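Here the structure comes first, spelled out in structure tokens, and everything after it is commentary.
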Amino acid sequence: LREGRGGFAISESLGAEIIRSLPLFLHMKRKNANIYETIDIFAFLGYNGYRNGGDPMILYHGSNMTVEHPMLVPQNRFLDFGYGFYTTTNLAQAESFARKVVIRRGGTPTVNVYELPEDLDLSALSVREFSSPDKDWLDFVTAHRNGSYRGEAFDLIIGAVANDDVYRTLQVYSAGLLTEEQALEALRIKKLFNQYVFASHESLALLRFMEAREV
């Protein structure tokens, strides 16, 4: 996206991506029409991992402190994708998490900003990517949330964030009050953003710290 004399223009690659994604985008908007929610097309493309050319991807981590050197630390609760260092492509999501951490632990709500280098080669890593909150994502997150996951370990996991609203759906589904089909349908009308979970020292070494912002 760039500003020109007549307003804003978009690059050919971004234009092509918008056209490619338009049918699914319109389907999502129709699903959301009854709850008066509008999906930002650029946020939608960000959820799907779009990067303009070789530009670095910007990731955010909400915390109660500056985290210049991310580490893998033991966790005392079950999370969406299990053990790892959690980041998101959505700034508002990171800000919200930072405030929640401060309520639990004290400190200063801080969003740490990182980038993944352009043209990153992930061939040496084990990567699990969920392109949408589908059945595989639902099973993966549910198993991690209830502590029953015994599957393959990955270096990097990419997929939708199960925020508080989504987590309520997962709880109802886990309690057997929703069928799998009903749970997936409920997830389709929610606005979700991506998270990148770095679950090994090898993947964590790819992150480049940029800055920390108090929120």
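Residues are referred to by chain and number: the chain letter is A, B, ... according to the order shown in the structure tokens, the number counts from 1 in that chain, and ligands are numbered separately from 1 in the order shown.
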All residues 8 Å or closer to range 80-90 of chain A, only C-alpha atoms, same chain fewer than 5 positions away omitted, as an mmCIF file with N, CA, C and O atoms, in the first residue's frame:
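This is the output file part06.cif:
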```cif
data_model
loop_
_atom_site.group_PDB
_atom_site.id
_atom_site.type_symbol
_atom_site.label_atom_id
_atom_site.label_comp_id
_atom_site.auth_asym_id
_atom_site.auth_seq_id
_atom_site.Cartn_x
_atom_site.Cartn_y
_atom_site.Cartn_z
ATOM 1 N N GLY A 46 -3.663 -10.452 6.497
ATOM 2 C CA GLY A 46 -2.633 -10.646 7.516
ATOM 3 C C GLY A 46 -2.822 -11.951 8.257
ATOM 4 O O GLY A 46 -1.870 -12.661 8.561
ATOM 5 N N TYR A 47 -4.100 -12.319 8.518
ATOM 6 C CA TYR A 47 -4.383 -13.595 9.176
ATOM 7 C C TYR A 47 -3.859 -14.751 8.335
ATOM 8 O O TYR A 47 -3.356 -15.748 8.832
ATOM 9 N N ILE A 58 6.183 -8.729 10.836
ATOM 10 C CA ILE A 58 6.216 -8.140 12.171
ATOM 11 C C ILE A 58 5.334 -8.958 13.096
ATOM 12 O O ILE A 58 4.181 -9.261 12.783
ATOM 13 N N LEU A 59 5.883 -9.331 14.245
ATOM 14 C CA LEU A 59 5.170 -10.115 15.244
ATOM 15 C C LEU A 59 5.211 -9.402 16.584
ATOM 16 O O LEU A 59 6.163 -8.687 16.891
ATOM 17 N N TYR A 60 4.169 -9.623 17.407
ATOM 18 C CA TYR A 60 4.047 -8.950 18.701
ATOM 19 C C TYR A 60 3.905 -9.977 19.823
ATOM 20 O O TYR A 60 3.277 -11.020 19.653
ATOM 21 N N HIS A 61 4.476 -9.632 20.970
ATOM 22 C CA HIS A 61 4.370 -10.478 22.156
ATOM 23 C C HIS A 61 3.979 -9.599 23.341
ATOM 24 O O HIS A 61 4.726 -8.687 23.721
ATOM 25 N N GLY A 62 2.802 -9.854 23.908
ATOM 26 C CA GLY A 62 2.341 -9.084 25.065
ATOM 27 C C GLY A 62 2.914 -9.640 26.352
ATOM 28 O O GLY A 62 2.892 -10.855 26.583
ATOM 29 N N PRO A 70 13.978 -13.540 23.948
ATOM 30 C CA PRO A 70 12.948 -14.537 24.263
ATOM 31 C C PRO A 70 13.551 -15.881 24.681
ATOM 32 O O PRO A 70 14.584 -16.297 24.145
ATOM 33 N N MET A 71 12.893 -16.526 25.632
ATOM 34 C CA MET A 71 13.341 -17.828 26.109
ATOM 35 C C MET A 71 12.145 -18.764 26.201
ATOM 36 O O MET A 71 10.997 -18.321 26.285
ATOM 37 N N LEU A 72 12.434 -20.042 26.210
ATOM 38 C CA LEU A 72 11.416 -21.046 26.461
ATOM 39 C C LEU A 72 11.404 -21.355 27.946
ATOM 40 O O LEU A 72 12.405 -21.805 28.498
ATOM 41 N N VAL A 73 10.291 -21.077 28.605
ATOM 42 C CA VAL A 73 10.196 -21.284 30.053
ATOM 43 C C VAL A 73 9.037 -22.224 30.348
ATOM 44 O O VAL A 73 8.063 -22.284 29.594
ATOM 45 N N PRO A 74 9.135 -22.981 31.460
ATOM 46 C CA PRO A 74 8.038 -23.891 31.827
ATOM 47 C C PRO A 74 6.738 -23.110 32.012
ATOM 48 O O PRO A 74 6.737 -21.993 32.531
ATOM 49 N N GLN A 75 5.626 -23.710 31.591
ATOM 50 C CA GLN A 75 4.327 -23.061 31.702
ATOM 51 C C GLN A 75 3.461 -23.806 32.702
ATOM 52 O O GLN A 75 3.508 -25.027 32.795
ATOM 53 N N PHE A 140 -6.414 -30.076 17.410
ATOM 54 C CA PHE A 140 -5.084 -29.749 17.925
ATOM 55 C C PHE A 140 -5.184 -28.852 19.163
ATOM 56 O O PHE A 140 -4.559 -29.119 20.203
ATOM 57 N N VAL A 141 -5.982 -27.792 19.064
ATOM 58 C CA VAL A 141 -6.129 -26.854 20.176
ATOM 59 C C VAL A 141 -6.862 -27.493 21.354
ATOM 60 O O VAL A 141 -6.459 -27.325 22.512
ATOM 61 N N THR A 142 -7.913 -28.251 21.066
ATOM 62 C CA THR A 142 -8.663 -28.898 22.147
ATOM 63 C C THR A 142 -7.773 -29.863 22.927
ATOM 64 O O THR A 142 -7.800 -29.888 24.167
ATOM 65 N N HIS A 144 -4.507 -29.753 23.257
ATOM 66 C CA HIS A 144 -3.535 -29.004 24.055
ATOM 67 C C HIS A 144 -4.204 -28.328 25.246
ATOM 68 O O HIS A 144 -3.630 -28.282 26.347
ATOM 69 N N ARG A 145 -5.398 -27.800 25.024
ATOM 70 C CA ARG A 145 -6.102 -27.102 26.105
ATOM 71 C C ARG A 145 -6.477 -28.043 27.246
ATOM 72 O O ARG A 145 -6.507 -27.636 28.405
ATOM 73 N N ILE A 157 4.702 -23.333 15.169
ATOM 74 C CA ILE A 157 3.290 -23.620 14.922
ATOM 75 C C ILE A 157 2.592 -22.305 14.582
ATOM 76 O O ILE A 157 2.747 -21.304 15.293
ATOM 77 N N VAL A 161 -5.580 -17.660 16.765
ATOM 78 C CA VAL A 161 -5.560 -17.466 18.212
ATOM 79 C C VAL A 161 -6.906 -17.871 18.784
ATOM 80 O O VAL A 161 -7.952 -17.434 18.295
ATOM 81 N N ALA A 162 -6.899 -18.684 19.823
ATOM 82 C CA ALA A 162 -8.131 -18.996 20.558
ATOM 83 C C ALA A 162 -8.281 -17.977 21.685
ATOM 84 O O ALA A 162 -7.883 -18.219 22.821
ATOM 85 N N PHE A 193 -7.274 -13.928 14.459
ATOM 86 C CA PHE A 193 -5.969 -13.488 13.992
ATOM 87 C C PHE A 193 -4.948 -14.585 14.242
ATOM 88 O O PHE A 193 -5.143 -15.455 15.082
ATOM 89 N N ASN A 194 -3.865 -14.515 13.522
ATOM 90 C CA ASN A 194 -2.854 -15.560 13.596
ATOM 91 C C ASN A 194 -1.935 -15.411 14.806
ATOM 92 O O ASN A 194 -1.679 -14.303 15.275
ATOM 93 N N GLN A 195 -1.433 -16.545 15.265
ATOM 94 C CA GLN A 195 -0.354 -16.530 16.241
ATOM 95 C C GLN A 195 0.762 -17.434 15.730
ATOM 96 O O GLN A 195 0.514 -18.415 15.030
ATOM 97 N N TYR A 196 1.984 -17.030 16.054
ATOM 98 C CA TYR A 196 3.176 -17.797 15.706
ATOM 99 C C TYR A 196 3.793 -18.262 17.028
ATOM 100 O O TYR A 196 4.168 -17.426 17.855
ATOM 101 N N VAL A 197 3.877 -19.558 17.214
ATOM 102 C CA VAL A 197 4.411 -20.107 18.456
ATOM 103 C C VAL A 197 5.755 -20.766 18.159
ATOM 104 O O VAL A 197 5.843 -21.722 17.381
ATOM 105 N N PHE A 198 6.797 -20.245 18.782
ATOM 106 C CA PHE A 198 8.160 -20.746 18.605
ATOM 107 C C PHE A 198 8.431 -21.748 19.729
ATOM 108 O O PHE A 198 8.549 -21.373 20.892
ATOM 109 N N ALA A 199 8.501 -23.023 19.355
ATOM 110 C CA ALA A 199 8.521 -24.088 20.355
ATOM 111 C C ALA A 199 9.871 -24.774 20.488
ATOM 112 O O ALA A 199 9.977 -25.808 21.151
ATOM 113 N N SER A 200 10.909 -24.224 19.896
ATOM 114 C CA SER A 200 12.254 -24.797 20.034
ATOM 115 C C SER A 200 13.272 -23.662 20.015
ATOM 116 O O SER A 200 12.982 -22.548 19.556
ATOM 117 N N LEU A 204 13.229 -20.170 17.786
ATOM 118 C CA LEU A 204 13.276 -18.924 18.555
ATOM 119 C C LEU A 204 14.437 -18.031 18.104
ATOM 120 O O LEU A 204 14.344 -16.798 18.140
#
```
Give the alpha helix (DSSP H) residues of range 45-167 of chain A, as assigned by DSSP on the backbone, as a ChimeraX atom specification.
/A:45-47,91-105,135-145,164-167
Please list as a ChimeraX atom specification every residue within 9 Å of range 115-132 of chain A, counting only C-alpha atoms and excluding residues in the same chain fewer than 5 positions away.
/A:47-49,53-60,137,153-160,202-203,206-210
With N, CA, C and O atoms retained, export the selected residues as a short mmCIF file (atom, residue, chain, number, x, y, z; two decimals), in the first residue's frame.
```
data_model
loop_
_atom_site.label_atom_id
_atom_site.label_comp_id
_atom_site.auth_asym_id
_atom_site.auth_seq_id
_atom_site.Cartn_x
_atom_site.Cartn_y
_atom_site.Cartn_z
N TYR A 47 -4.10 -12.32 8.52
CA TYR A 47 -4.38 -13.59 9.18
C TYR A 47 -3.86 -14.75 8.34
O TYR A 47 -3.36 -15.75 8.83
N ASN A 48 -4.00 -14.62 7.03
CA ASN A 48 -3.57 -15.69 6.15
C ASN A 48 -2.09 -15.64 5.81
O ASN A 48 -1.63 -16.30 4.89
N GLY A 49 -1.31 -14.81 6.52
CA GLY A 49 0.14 -14.83 6.40
C GLY A 49 0.68 -14.07 5.22
O GLY A 49 1.80 -14.32 4.80
N GLY A 53 5.95 -9.07 -1.00
CA GLY A 53 7.29 -9.37 -1.50
C GLY A 53 8.13 -10.02 -0.43
O GLY A 53 7.74 -10.97 0.22
N GLY A 54 9.34 -9.48 -0.20
CA GLY A 54 10.24 -10.05 0.77
C GLY A 54 10.30 -9.26 2.06
O GLY A 54 11.27 -9.37 2.81
N ASP A 55 9.28 -8.41 2.31
CA ASP A 55 9.28 -7.60 3.52
C ASP A 55 9.27 -8.50 4.76
O ASP A 55 8.59 -9.53 4.78
N PRO A 56 10.00 -8.11 5.83
CA PRO A 56 9.97 -8.89 7.06
C PRO A 56 8.57 -8.93 7.65
O PRO A 56 7.81 -7.99 7.51
N MET A 57 8.23 -10.02 8.30
CA MET A 57 6.95 -10.12 9.00
C MET A 57 7.11 -9.57 10.41
O MET A 57 8.07 -9.90 11.11
N ILE A 58 6.18 -8.73 10.84
CA ILE A 58 6.22 -8.14 12.17
C ILE A 58 5.33 -8.96 13.10
O ILE A 58 4.18 -9.26 12.78
N LEU A 59 5.88 -9.33 14.24
CA LEU A 59 5.17 -10.12 15.24
C LEU A 59 5.21 -9.40 16.58
O LEU A 59 6.16 -8.69 16.89
N TYR A 60 4.17 -9.62 17.41
CA TYR A 60 4.05 -8.95 18.70
C TYR A 60 3.90 -9.98 19.82
O TYR A 60 3.28 -11.02 19.65
N TRP A 137 -7.33 -27.97 13.22
CA TRP A 137 -7.02 -26.92 14.21
C TRP A 137 -7.82 -27.16 15.48
O TRP A 137 -7.29 -27.06 16.59
N ALA A 153 5.91 -33.24 17.98
CA ALA A 153 6.38 -31.93 18.45
C ALA A 153 6.90 -31.14 17.25
O ALA A 153 7.54 -31.70 16.35
N PHE A 154 6.63 -29.83 17.26
CA PHE A 154 7.03 -28.97 16.15
C PHE A 154 7.93 -27.84 16.64
O PHE A 154 7.86 -27.44 17.81
N ASP A 155 8.77 -27.33 15.73
CA ASP A 155 9.60 -26.17 16.05
C ASP A 155 8.79 -24.87 16.01
O ASP A 155 9.00 -23.97 16.82
N LEU A 156 7.89 -24.79 15.06
CA LEU A 156 7.10 -23.58 14.85
C LEU A 156 5.67 -23.98 14.49
O LEU A 156 5.45 -24.83 13.64
N ILE A 157 4.70 -23.33 15.17
CA ILE A 157 3.29 -23.62 14.92
C ILE A 157 2.59 -22.30 14.58
O ILE A 157 2.75 -21.30 15.29
N ILE A 158 1.84 -22.31 13.50
CA ILE A 158 1.17 -21.10 13.02
C ILE A 158 -0.32 -21.40 12.87
O ILE A 158 -0.71 -22.40 12.27
N GLY A 159 -1.16 -20.54 13.43
CA GLY A 159 -2.60 -20.75 13.30
C GLY A 159 -3.38 -19.73 14.09
O GLY A 159 -2.81 -18.85 14.74
N ALA A 160 -4.68 -19.86 14.06
CA ALA A 160 -5.57 -18.87 14.68
C ALA A 160 -5.42 -18.85 16.20
O ALA A 160 -5.18 -19.88 16.83
N GLU A 202 15.81 -23.55 18.16
CA GLU A 202 16.17 -23.30 16.76
C GLU A 202 15.22 -22.29 16.12
O GLU A 202 15.64 -21.38 15.40
N SER A 203 13.93 -22.45 16.37
CA SER A 203 12.97 -21.50 15.78
C SER A 203 13.03 -20.15 16.48
O SER A 203 12.92 -19.09 15.84
N LEU A 206 15.28 -17.36 15.26
CA LEU A 206 14.94 -16.63 14.04
C LEU A 206 14.38 -15.24 14.33
O LEU A 206 14.40 -14.36 13.47
N LEU A 207 13.84 -15.05 15.54
CA LEU A 207 13.21 -13.78 15.89
C LEU A 207 14.26 -12.69 16.08
O LEU A 207 15.27 -12.89 16.75
N ARG A 208 13.97 -11.51 15.55
CA ARG A 208 14.85 -10.36 15.71
C ARG A 208 14.10 -9.28 16.51
O ARG A 208 13.07 -8.77 16.05
N PHE A 209 14.58 -8.97 17.71
CA PHE A 209 13.92 -7.96 18.56
C PHE A 209 14.08 -6.58 17.94
O PHE A 209 15.16 -6.17 17.55
N MET A 210 12.95 -5.83 17.90
CA MET A 210 12.95 -4.50 17.33
C MET A 210 12.78 -3.41 18.40
O MET A 210 13.58 -2.48 18.48
#
```
Closest to Ala212 in chain A among A:Thr110, A:Asn146, A:Thr179, A:Ser63, using only C-alpha atoms?
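Selected residue with least distance to Ala212 in chain A: A:Thr110.
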Pick from A:Arg150, A:His69, A:Glu211, A:Pro133: nearest to Lys191 in chain A, with only C-alpha atoms counted?
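Smallest distance to Lys191 in chain A is found for A:Pro133.
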Could you check which of A:Val111, A:Glu181, A:Gly106, A:Lys190 is closest to Tyr167 in chain A, using only C-alpha atoms?
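Closest to Tyr167 in chain A, using only C-alpha atoms: A:Lys190.
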Taking only C-alpha atoms into account, name the residue in A:Glu68, A:Asp139, A:Asp165, A:Glu95 that is nearest to Leu192 in chain A.
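Between A:Glu68, A:Asp139, A:Asp165, A:Glu95, the residue approaching Leu192 in chain A most closely is A:Asp165.
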Atom pair CA of Leu91 in chain A / CA of Val113 in chain A: separation (Å):
9.2 Å
Straight-line distance linking CA of Asp136 in chain A with CA of Thr169 in chain A, stated in Å to one decimal:
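Value for the CA of Asp136 in chain A-CA of Thr169 in chain A distance: 15.8 Å.
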